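Engineer: So here's model_12.cif, just mmCIF, C-alpha atoms and all ligand atoms:
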```
data_my_file
#
loop_
_atom_site.label_atom_id
_atom_site.label_comp_id
_atom_site.auth_asym_id
_atom_site.auth_seq_id
_atom_site.Cartn_x
_atom_site.Cartn_y
_atom_site.Cartn_z
CA MET A 14 80.34 68.15 146.88
CA ASN A 15 80.29 69.86 150.30
CA VAL A 16 77.52 72.43 150.17
CA VAL A 17 75.72 74.76 152.58
CA LEU A 18 72.20 76.00 151.78
CA LEU A 19 71.79 79.40 153.39
CA GLY A 20 68.74 81.64 153.43
CA PRO A 21 65.75 82.97 155.33
CA PRO A 22 62.91 80.81 156.69
CA GLY A 23 60.67 79.55 153.89
CA ALA A 24 63.16 80.22 151.10
CA GLY A 25 62.96 76.61 149.86
CA LYS A 26 66.21 75.22 151.33
CA GLY A 27 64.58 71.99 152.52
CA THR A 28 62.66 71.42 149.29
CA GLN A 29 65.70 72.00 147.07
CA GLY A 30 68.06 70.23 149.47
CA ASP A 31 66.02 67.02 149.18
CA LEU A 32 65.98 67.22 145.38
CA LEU A 33 69.72 67.95 145.25
CA SER A 34 70.49 65.09 147.62
CA GLU A 35 68.50 62.69 145.45
CA ARG A 36 69.99 64.00 142.23
CA CYS A 37 73.63 64.00 143.38
CA GLY A 38 73.52 61.05 145.77
CA VAL A 39 74.93 62.93 148.76
CA PRO A 40 73.25 63.04 152.19
CA LYS A 41 71.44 66.15 153.38
CA TYR A 42 71.53 67.17 157.04
CA ALA A 43 68.94 69.71 158.18
CA THR A 44 69.47 70.87 161.76
CA GLY A 45 65.77 71.92 161.95
CA ASP A 46 64.65 68.37 161.02
CA ILE A 47 67.08 66.76 163.49
CA LEU A 48 65.86 69.06 166.28
CA ARG A 49 62.15 68.52 165.46
CA GLU A 50 62.70 64.75 165.57
CA ALA A 51 64.35 65.11 169.01
CA VAL A 52 61.36 67.20 170.20
CA ARG A 53 58.94 64.59 168.84
CA ARG A 54 60.79 61.80 170.66
CA GLY A 55 60.96 63.84 173.87
CA THR A 56 64.71 63.35 174.35
CA ARG A 57 66.74 65.60 176.66
CA LEU A 58 68.04 67.50 173.61
CA GLY A 59 64.47 67.83 172.32
CA ARG A 60 63.23 69.25 175.61
CA GLU A 61 66.06 71.76 175.67
CA ALA A 62 65.60 72.79 172.02
CA GLN A 63 61.81 73.03 172.17
CA ARG A 64 61.63 76.24 174.20
CA TYR A 65 63.84 78.07 171.67
CA MET A 66 62.09 76.65 168.61
CA GLU A 67 58.60 77.48 169.88
CA GLN A 68 59.66 81.12 170.27
CA GLY A 69 61.34 81.24 166.84
CA GLU A 70 64.73 81.80 168.50
CA LEU A 71 67.96 79.95 167.69
CA VAL A 72 69.01 76.89 169.67
CA PRO A 73 72.44 77.52 171.31
CA ASP A 74 75.43 77.22 168.99
CA GLU A 75 77.18 74.44 170.94
CA VAL A 76 74.05 72.24 170.78
CA VAL A 77 73.68 72.44 166.99
CA LEU A 78 77.43 72.17 166.44
CA GLY A 79 77.36 68.92 168.40
CA LEU A 80 74.58 67.61 166.13
CA VAL A 81 76.47 68.49 162.96
CA ARG A 82 79.71 66.99 164.31
CA GLU A 83 77.84 63.75 164.92
CA ALA A 84 76.17 63.77 161.48
CA LEU A 85 79.41 64.42 159.62
CA ALA A 86 81.21 61.71 161.57
CA SER A 87 78.92 59.11 160.04
CA GLY A 88 80.51 57.24 157.14
CA GLU A 89 77.84 58.33 154.66
CA ALA A 90 79.10 61.95 154.64
CA GLN A 91 82.55 60.90 153.47
CA ASP A 92 81.99 61.71 149.80
CA GLY A 93 80.08 64.92 150.34
CA PHE A 94 77.16 66.46 152.18
CA ILE A 95 74.51 69.13 151.99
CA LEU A 96 73.88 71.22 155.10
CA ASP A 97 70.42 72.84 155.28
CA GLY A 98 69.81 75.54 157.90
CA PHE A 99 73.34 75.30 159.32
CA PRO A 100 75.39 77.38 159.98
CA ARG A 101 73.14 80.21 161.13
CA THR A 102 75.59 82.34 163.11
CA VAL A 103 79.20 83.35 162.58
CA ALA A 104 80.16 81.20 165.60
CA GLN A 105 78.56 78.17 163.91
CA ALA A 106 80.39 78.96 160.66
CA GLU A 107 83.69 79.13 162.55
CA GLY A 108 82.88 75.85 164.29
CA LEU A 109 82.09 74.20 160.96
CA GLU A 110 85.31 75.47 159.41
CA ALA A 111 87.34 74.00 162.29
CA LEU A 112 85.43 70.73 162.05
CA LEU A 113 86.09 70.39 158.33
CA GLU A 114 89.72 71.42 158.68
CA ALA A 115 90.22 68.62 161.22
CA ARG A 116 88.81 66.21 158.61
CA GLY A 117 91.15 67.60 155.94
CA THR A 118 88.30 68.99 153.87
CA ALA A 119 86.45 72.26 153.22
CA LEU A 120 83.24 73.65 151.77
CA ASP A 121 82.91 73.84 147.99
CA ALA A 122 79.97 76.23 147.88
CA VAL A 123 77.53 78.20 150.00
CA VAL A 124 74.28 78.83 148.15
CA PHE A 125 72.29 81.85 149.28
CA PHE A 126 68.56 81.49 148.53
CA SER A 127 67.28 84.96 147.66
CA VAL A 128 63.50 85.42 148.06
CA PRO A 129 61.56 88.65 148.81
CA GLU A 130 60.06 88.80 152.31
CA ASP A 131 56.39 88.93 151.23
CA GLU A 132 56.90 85.70 149.26
CA LEU A 133 58.54 84.06 152.34
CA VAL A 134 55.54 84.94 154.52
CA GLN A 135 53.18 83.59 151.88
CA ARG A 136 55.13 80.30 151.54
CA LEU A 137 55.29 79.75 155.29
CA SER A 138 51.57 80.38 155.80
CA SER A 139 50.79 77.84 153.03
CA ARG A 140 53.20 75.16 154.25
CA ARG A 141 51.65 71.98 155.65
CA VAL A 142 53.62 69.09 157.12
CA CYS A 143 52.51 65.49 157.46
CA GLY A 144 52.22 64.68 161.17
CA ASP A 145 53.22 61.09 160.43
CA CYS A 146 55.82 60.82 157.64
CA GLY A 147 57.05 64.43 157.80
CA ALA A 148 56.53 65.18 154.08
CA VAL A 149 56.25 68.91 153.31
CA TYR A 150 53.56 70.38 151.05
CA SER A 151 52.30 73.73 150.02
CA VAL A 152 48.60 74.51 149.92
CA GLY A 153 48.29 75.04 146.20
CA SER A 154 51.15 77.47 145.55
CA ASP A 155 54.36 75.78 144.44
CA GLY A 156 52.74 74.65 141.18
CA ARG A 157 53.64 71.01 141.76
CA ARG A 158 50.54 69.43 143.23
CA ASP A 159 47.12 70.03 144.76
CA VAL A 160 47.01 69.11 148.40
CA GLY A 161 43.97 68.68 150.63
CA SER A 162 43.96 68.07 154.37
CA ARG A 163 45.54 64.58 154.15
CA CYS A 164 49.07 63.57 153.17
CA PRO A 165 49.05 62.32 149.55
CA ALA A 166 51.90 59.93 150.46
CA CYS A 167 50.58 58.23 153.62
CA GLY A 168 47.07 59.58 154.27
CA ALA A 169 47.85 61.10 157.70
CA LYS A 170 46.60 64.55 158.68
CA LEU A 171 48.54 67.58 157.42
CA GLU A 172 49.42 70.19 160.01
CA LEU A 173 50.70 73.76 160.22
CA ARG A 174 54.21 73.68 161.73
CA ASP A 175 54.10 75.23 165.22
CA ASP A 176 56.62 77.90 164.30
CA ASP A 177 54.78 78.81 161.07
CA ARG A 178 52.17 80.80 163.02
CA PRO A 179 52.35 84.47 161.90
CA GLU A 180 53.66 85.81 165.24
CA THR A 181 56.51 83.25 165.33
CA VAL A 182 57.31 83.79 161.64
CA ARG A 183 57.87 87.49 162.43
CA VAL A 184 60.39 86.52 165.15
CA ARG A 185 62.18 84.02 162.86
CA LEU A 186 62.57 86.65 160.15
CA ARG A 187 63.97 89.15 162.68
CA VAL A 188 66.38 86.53 164.08
CA TYR A 189 67.48 85.73 160.52
CA ARG A 190 68.25 89.42 159.84
CA GLU A 191 70.04 89.89 163.17
CA LYS A 192 72.08 86.69 163.37
CA THR A 193 72.23 84.84 160.06
CA GLU A 194 72.44 87.54 157.41
CA ALA A 195 75.98 88.38 158.63
CA LEU A 196 77.09 85.07 157.09
CA LEU A 197 76.74 86.63 153.63
CA GLY A 198 79.67 88.91 154.49
CA TRP A 199 81.54 86.10 156.25
CA TYR A 200 81.37 83.67 153.32
CA GLY A 201 81.68 86.54 150.83
CA ARG A 202 85.35 86.84 151.88
CA HIS A 203 86.16 83.60 150.05
CA GLU A 204 86.15 84.18 146.33
CA GLU A 205 83.62 82.05 144.43
CA MET A 206 82.42 80.28 147.59
CA LEU A 207 79.20 82.28 147.98
CA ARG A 208 76.72 81.84 145.13
CA GLU A 209 73.41 83.68 145.03
CA LEU A 210 70.38 81.73 143.84
CA ASP A 211 67.30 83.61 142.66
CA ALA A 212 64.93 81.19 144.43
CA VAL A 213 61.69 82.61 142.99
CA GLY A 214 59.81 80.54 140.43
CA THR A 215 58.35 77.06 140.46
CA VAL A 216 60.21 74.32 142.36
CA GLU A 217 61.40 72.86 139.04
CA GLU A 218 62.63 76.25 137.77
CA VAL A 219 64.55 76.88 140.98
CA GLN A 220 66.02 73.38 140.86
CA LYS A 221 67.34 73.99 137.34
CA LYS A 222 68.96 77.25 138.45
CA LEU A 223 70.51 75.52 141.48
CA LEU A 224 71.97 72.67 139.41
CA ASN A 225 73.45 75.20 136.98
CA LEU A 226 74.93 77.22 139.82
CA LEU A 227 76.64 74.10 141.19
CA ASP A 228 77.69 72.86 137.72
CA CYS A 229 75.68 69.78 138.45
CA THR A 230 73.87 69.25 135.14
P1 LIG B 301 64.46 75.16 160.20
O1 LIG B 301 63.62 73.95 160.13
O2 LIG B 301 65.82 75.11 159.63
O3 LIG B 301 63.61 76.35 159.60
P2 LIG B 301 64.01 77.56 158.62
O4 LIG B 301 65.44 77.82 158.30
O5 LIG B 301 63.29 78.66 159.23
O6 LIG B 301 63.61 77.04 157.26
P3 LIG B 301 62.24 76.48 156.86
O7 LIG B 301 62.20 75.01 157.10
O8 LIG B 301 61.13 77.29 157.45
O9 LIG B 301 62.22 76.84 155.30
P4 LIG B 301 62.97 76.23 154.05
O10 LIG B 301 63.89 77.26 153.51
O11 LIG B 301 63.53 74.87 154.31
O12 LIG B 301 61.74 76.14 153.06
P5 LIG B 301 60.89 74.86 152.55
O13 LIG B 301 61.66 74.12 151.51
O14 LIG B 301 60.32 74.09 153.67
O15 LIG B 301 64.62 75.64 161.72
C1 LIG B 301 63.53 75.65 162.63
C2 LIG B 301 64.04 76.07 163.99
O16 LIG B 301 65.02 75.13 164.47
C3 LIG B 301 64.75 77.42 164.05
O17 LIG B 301 63.84 78.51 164.18
C4 LIG B 301 65.64 77.25 165.29
O18 LIG B 301 64.90 77.39 166.49
C5 LIG B 301 66.06 75.78 165.18
N1 LIG B 301 67.32 75.65 164.41
C6 LIG B 301 67.47 74.96 163.24
N2 LIG B 301 68.74 75.05 162.81
C7 LIG B 301 69.40 75.80 163.71
C8 LIG B 301 70.75 76.26 163.78
N3 LIG B 301 71.67 75.97 162.84
N4 LIG B 301 71.08 77.02 164.86
C9 LIG B 301 70.20 77.32 165.83
N5 LIG B 301 68.90 76.93 165.81
C10 LIG B 301 68.50 76.17 164.75
O19 LIG B 301 59.73 75.66 151.79
C11 LIG B 301 58.79 76.42 152.51
C12 LIG B 301 57.40 76.26 151.85
O20 LIG B 301 57.46 76.83 150.55
C13 LIG B 301 56.95 74.81 151.68
O21 LIG B 301 55.56 74.74 151.84
C14 LIG B 301 57.32 74.49 150.22
O22 LIG B 301 56.46 73.52 149.65
C15 LIG B 301 57.14 75.85 149.56
N6 LIG B 301 58.05 76.08 148.44
C16 LIG B 301 59.32 75.61 148.31
N7 LIG B 301 59.85 76.05 147.15
C17 LIG B 301 58.88 76.82 146.56
C18 LIG B 301 58.81 77.56 145.33
N8 LIG B 301 59.84 77.58 144.48
N9 LIG B 301 57.67 78.25 145.04
C19 LIG B 301 56.63 78.24 145.90
N10 LIG B 301 56.62 77.53 147.08
C20 LIG B 301 57.73 76.84 147.39
#
```
Spell out the structure here as structure tokens.
Ligand code: AP5

Structural biologist:
Amino acid sequence: MNVVLLGPPGAGKGTQGDLLSERCGVPKYATGDILREAVRRGTRLGREAQRYMEQGELVPDEVVLGLVREALASGEAQDGFILDGFPRTVAQAEGLEALLEARGTALDAVVFFSVPEDELVQRLSSRRVCGDCGAVYSVGSDGRRDVGSRCPACGAKLELRDDDRPETVRVRLRVYREKTEALLGWYGRHEEMLRELDAVGTVEEVQKKLLNLLDCT
């Protein structure tokens, strides 16, 4: 299973990608997570990416393509992979296609997470991330658990992600409309590749719909 999870910020790609990865036993690569880790470690890549991420803008295509090339080259992606938050531009999609072609493989599905904008803003303002283990929670709205100010998994403090501040969320949504939405047309050219997921509902409800969509029951 070679799958891309596509959709606006806050649509639930990361949440569902983790569940899908666990359920199907294929690795998930999230370019946002890889970049945040590089920022946290203060590497050269992290320092370069940080100024784009803080503004809610996209990191240059060649940088993220390099990250994905590296991730897919690892042996663990041999029997399938889930890409979360990549590609985000037509140039990235073209780069991915070339990369997969060179490996003699191709995508099986691109899942578009459809969520109304007011719900996205609400989800992003309620998201809290553990500053230590990186676990993602929602302040009382995904119906799964009640979360206070400490990580239920490791006890560290929960934080608002830097780019989840309302002014940066507005930029990220604009960037999504201007640069990423075009991928719906791009992938729509391939019959049956693009599958729309109604990603509203509880996490469990959305997971069920996703598994059905991918014939992964
Ligand atoms: P990235 O980390 O990829 O951010 P994003 O795409 O904006 O996606 P999010 O992580 O915000 O949302 P999500 O869809 O994963 O939702 P989640 O599951 O967390 O990118 C960050 C930055 O990195 C970019 O702005 C850019 O600068 C850079 N970058 C990354 N990739 C790049 C690329 N390819 N090219 C260039 N630059 C790149 O859910 C959100 C919240 O909702 C959580 O609190 C969750 O608990 C909750 N939730 C989940 N499901 C539900 C539900 N069903 N009901 C209610 N709440 C729910």

Engineer: Could you please extract the residues within 7 Å of ligand LIG 301 (chain B), counting all atoms listed in the file, and hand them back as a PyMOL selection string?

Structural biologist: chain A and resi 20-29+43-46+48+65-66+69-74+77+97-101+136-137+139-141+149-151+154-155+185+212-216+219

Engineer: Could you give me, as a short mmCIF file (atom, residue, chain, number, x, y, z; two decimals) with C-alpha atoms, in the coordinates of the input, the residues within 12 Å of A:Leu210, counting all atoms listed in the file and dropping anything in the same chain fewer than 5 positions from it?

Structural biologist:
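out13.cif written:
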```cif
data_model
loop_
_atom_site.label_atom_id
_atom_site.label_comp_id
_atom_site.auth_asym_id
_atom_site.auth_seq_id
_atom_site.Cartn_x
_atom_site.Cartn_y
_atom_site.Cartn_z
CA LEU A 18 72.20 76.00 151.78
CA LEU A 19 71.79 79.40 153.39
CA GLY A 20 68.74 81.64 153.43
CA ALA A 24 63.16 80.22 151.10
CA GLY A 25 62.96 76.61 149.86
CA LYS A 26 66.21 75.22 151.33
CA GLN A 29 65.70 72.00 147.07
CA ALA A 122 79.97 76.23 147.88
CA VAL A 123 77.53 78.20 150.00
CA VAL A 124 74.28 78.83 148.15
CA PHE A 125 72.29 81.85 149.28
CA PHE A 126 68.56 81.49 148.53
CA SER A 127 67.28 84.96 147.66
CA VAL A 128 63.50 85.42 148.06
CA GLU A 218 62.63 76.25 137.77
CA VAL A 219 64.55 76.88 140.98
CA GLN A 220 66.02 73.38 140.86
CA LYS A 221 67.34 73.99 137.34
CA LYS A 222 68.96 77.25 138.45
CA LEU A 223 70.51 75.52 141.48
CA LEU A 224 71.97 72.67 139.41
CA ASN A 225 73.45 75.20 136.98
CA LEU A 226 74.93 77.22 139.82
CA LEU A 227 76.64 74.10 141.19
#
```

Engineer: Env of A:Gly38: 10 Å cut, atoms = all atoms listed in the file, seq-sep filter 2 positions within chain, self excluded. Answer as a list in words.

Structural biologist: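 Answer for this query is Met14, Leu32, Leu33, Ser34, Glu35, Arg36, Pro40, Lys41, Asp92, Gly93 and Phe94 of chain A.
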
Engineer: Could you check how far atom CA of A:Glu89 sits from atom CA of A:Arg60, in Å to one decimal?

Structural biologist: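 Computed distance, atom CA of A:Glu89 to atom CA of A:Arg60, equals 27.8 Å.
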
Engineer: Tell me, as a list in words, which residues lie within 10 Å of A:Gly108, counting only C-alpha atoms; anything in the same chain fewer than 6 positions away does not count.

Structural biologist: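 So, after excluding close chain neighbours, the residues are Asp74, Glu75, Leu78, Gly79, Val81, Arg82, Pro100, Thr102 and Glu114 of chain A.
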
Engineer: Closest to A:Glu107 among A:Met206, A:Arg163, A:Val184, A:Leu196, using all atoms listed in the file?

Structural biologist: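 Under the stated criterion, the closest residue is A:Leu196.
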
Engineer: State, in Å with one decimal place, the distance from atom CA of A:Ala115 to atom CA of A:Ser87.

Structural biologist: 14.8 Å

Engineer: Hey, which of A:Leu197, A:Ala84, A:Ala148, A:Val134 ends up closest to A:Glu180? Count all atoms listed in the file.

Structural biologist: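 Counting all atoms listed in the file, the residue closest to A:Glu180 is A:Val134.
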
Engineer: So how far away is atom CA of A:Gly59 from atom CA of A:Glu191, in Å?

Structural biologist: 24.5 Å

Engineer: Pick the closest to A:Gly168 from A:Val16, A:Ala111, A:Gly88, A:Val142: which is it, counting all atoms listed in the file?

Structural biologist: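 Residue with the minimum atom-to-atom distance to A:Gly168: A:Val142.
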
Engineer: Could you tell me which of A:Val17, A:Ala90, A:Asp145, A:Glu132 comes closest to A:Arg53 if we count all atoms listed in the file?

Structural biologist: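 With all atoms listed in the file as the atom set, the closest residue is A:Asp145.
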
Engineer: Point out the residue among A:Leu120, A:Ala104, A:Leu109, A:Ala62 with the least atom-to-atom distance to A:Glu83, counting all atoms listed in the file.

Structural biologist: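 Of the candidates, the smallest distance to A:Glu83 is held by A:Leu109.
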
Engineer: Stretch 167-175 of chain A, all listed atoms, 4 Å padding on each side: what axis-aligned box centre and edge lengths in Å to one decimal come out, as AutoDock Vina command-line options?

Structural biologist:
```
--center_x 50.4 --center_y 66.7 --center_z 159.4 --size_x 15.6 --size_y 25.0 --size_z 19.6
```
